[in-house]
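**Student:** Pasting query.cif below, which is mmCIF, C-alpha atoms.
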```
data_data
#
loop_
_atom_site.label_atom_id
_atom_site.label_comp_id
_atom_site.auth_asym_id
_atom_site.auth_seq_id
_atom_site.Cartn_x
_atom_site.Cartn_y
_atom_site.Cartn_z
CA ILE W 24 101.28 114.21 82.46
CA MET W 25 97.89 113.94 80.75
CA LEU W 26 95.98 112.33 83.64
CA PRO W 27 97.05 114.83 86.34
CA LEU W 28 96.19 117.67 83.97
CA LEU W 29 92.77 116.18 83.31
CA ILE W 30 92.12 115.63 87.00
CA SER W 31 93.11 119.23 87.75
CA LEU W 32 90.54 120.55 85.27
CA PRO W 33 87.92 121.24 88.00
CA LEU W 34 90.47 123.51 89.72
CA ILE W 35 90.88 125.45 86.48
CA ILE W 36 87.12 125.75 85.95
CA TYR W 37 86.06 126.58 89.54
CA GLY W 38 89.26 128.19 90.80
CA TRP W 39 91.42 127.16 93.73
CA ASN W 40 89.58 125.37 96.51
CA LEU W 41 91.47 123.41 99.15
CA GLU W 42 88.64 120.95 99.74
CA LEU W 43 88.32 120.23 96.02
CA PHE W 44 92.09 119.80 95.80
CA GLY W 45 91.99 117.26 98.64
CA ILE W 46 89.21 115.31 96.95
CA LEU W 47 91.06 115.27 93.65
CA LEU W 48 94.33 114.27 95.34
CA SER W 49 92.79 111.34 97.20
CA ALA W 50 90.81 110.29 94.10
CA TYR W 51 93.97 110.32 91.97
CA PHE W 52 96.07 108.19 94.32
CA SER W 53 93.32 105.72 95.15
CA GLY W 54 92.54 105.50 91.43
CA LEU W 55 96.15 104.58 90.67
CA VAL W 56 95.92 101.58 92.97
CA LEU W 57 92.47 100.56 91.79
CA GLU W 58 93.39 100.81 88.10
CA ASP W 59 96.60 98.84 88.47
CA PHE W 60 95.04 96.08 90.58
CA THR W 61 91.99 95.82 88.28
CA TYR W 62 94.34 95.26 85.34
CA PHE W 63 95.28 91.88 86.81
CA LEU W 64 91.64 91.00 87.51
CA VAL W 65 90.11 91.70 84.09
CA ASN W 66 92.98 91.17 81.64
CA PRO W 67 92.39 87.83 79.88
CA ALA W 68 96.03 87.51 78.83
CA ILE W 69 97.35 87.64 82.39
CA LYS W 70 96.09 85.48 85.24
CA PHE W 71 95.48 86.92 88.68
CA SER W 72 97.98 84.41 90.03
CA ASP W 73 100.65 86.30 88.05
CA TRP W 74 100.25 89.23 90.45
CA ASN W 75 103.36 88.39 92.43
CA PRO W 76 106.95 89.63 92.77
CA LYS W 77 108.27 87.08 90.25
CA PHE W 78 106.04 88.26 87.38
CA VAL W 79 105.52 91.90 88.37
CA ASP W 80 109.12 92.89 88.94
CA PHE W 81 108.61 96.60 88.22
CA PHE W 82 107.27 97.14 91.77
CA ASP W 83 109.12 96.83 95.04
CA TRP W 84 107.13 94.43 97.22
CA LEU W 85 106.60 94.39 100.97
CA LYS W 86 106.08 91.04 102.64
CA ILE W 87 103.86 90.96 105.75
CA GLY W 88 103.54 87.35 106.85
CA LYS W 89 102.38 85.45 103.78
CA VAL W 90 100.90 88.54 102.13
CA ARG W 91 102.94 90.51 99.60
CA ILE W 92 101.86 94.02 98.62
CA PRO W 93 103.56 96.48 96.27
CA ILE W 94 105.05 99.37 98.22
CA ASN W 95 103.56 101.79 95.67
CA TYR W 96 100.08 100.62 96.71
CA ILE W 97 100.81 101.32 100.36
CA ILE W 98 102.26 104.76 99.65
CA SER W 99 99.38 105.72 97.34
CA ILE W 100 96.71 104.57 99.79
CA LEU W 101 98.52 106.39 102.59
CA ILE W 102 98.60 109.63 100.57
CA ALA W 103 94.89 109.24 99.73
CA LEU W 104 93.98 108.67 103.38
CA LEU W 105 96.14 111.53 104.63
CA SER W 106 94.69 113.95 102.08
CA TRP W 107 91.20 112.88 103.13
CA TYR W 108 91.96 113.19 106.83
CA PHE W 109 93.81 116.50 106.78
CA ILE W 110 92.32 118.36 103.81
CA TRP W 111 88.70 117.50 103.13
CA ARG W 112 87.32 115.46 106.02
CA GLY W 113 84.14 117.16 107.18
#
```
Render the structure in this file as structure tokens.

**Tutor:**
Amino acid sequence: IMLPLLISLPLIIYGWNLELFGILLSAYFSGLVLEDFTYFLVNPAIKFSDWNPKFVDFFDWLKIGKVRIPINYIISILIALLSWYFIWRG
């Protein structure tokens, strides 16, 4: 609850603006993916090779060929792209 409230702070300060809302929405969902993936890159206790469905069982994974991607990543990136395309693309 804290992070969405913090991200919505510009809307409270400047008032409602659809373009600002779209920017914040796409930043939030792309940030979720970036933060979670970076955790496996920089955490010294967990190797990057542990980023797989056997170790990370709290995500549902989608297999495309030999590549496995968490479904949450796909949904979050899709929401970020759609909010960019429909709300704040210039």

**Student:** Check which residues satisfy the PyMOL selection byres ((chain W and resi 53) around 9) in the file shown, then give them as an NGL selection string.

**Tutor:** :W and (48-52 or 54-58 or 96 or 99-100 or 102-104)

**Student:** Quick one, how far is atom CA of W:Leu47 from atom CA of W:Pro33?

**Tutor:**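 According to the coordinates, atom CA of W:Leu47 and atom CA of W:Pro33 are separated by 8.8 Å.
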
**Student:** Calculate how many Å separate atom CA of W:Tyr62 from atom CA of W:Trp74, rounding to one decimal.

**Tutor:**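 Result for atom CA of W:Tyr62 versus atom CA of W:Trp74: 9.9 Å, one decimal.
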
**Student:** Counting all atoms listed in the file, which of W:Lys89, W:Gly113, W:Ile46, W:Phe60 gets nearest to W:Leu34?

**Tutor:**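 Selected residue with least distance to W:Leu34: W:Ile46.
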
**Student:** Of the candidates W:Ile30, W:Ile36, W:Gly45, W:Val65, which one gets nearest to W:Ser106 if we count all atoms listed in the file?

**Tutor:**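 Nearest to W:Ser106: W:Gly45.
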
**Student:** With distances taken over all atoms listed in the file, which of W:Ala68, W:Asp59, W:Ser31, W:Glu42 is nearest to W:Phe82?

**Tutor:**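 Checking each of W:Ala68, W:Asp59, W:Ser31, W:Glu42 against W:Phe82, counting all atoms listed in the file, the winner is W:Asp59.
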
**Student:** Please write as number ranges by chain the list of polymer residues whose atoms come within 8 Å of (107.0, 88.9, 97.2), counting all atoms listed in the file and keeping to the coordinates of the file.

**Tutor:** W: 75-77, 84-86, 90-92

**Student:** For a test of reading the model, state the distance in Å between atom CA of W:Leu26 and atom CA of W:Asp80, rounded to one decimal.

**Tutor:**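 Value for the atom CA of W:Leu26-atom CA of W:Asp80 distance: 24.1 Å.
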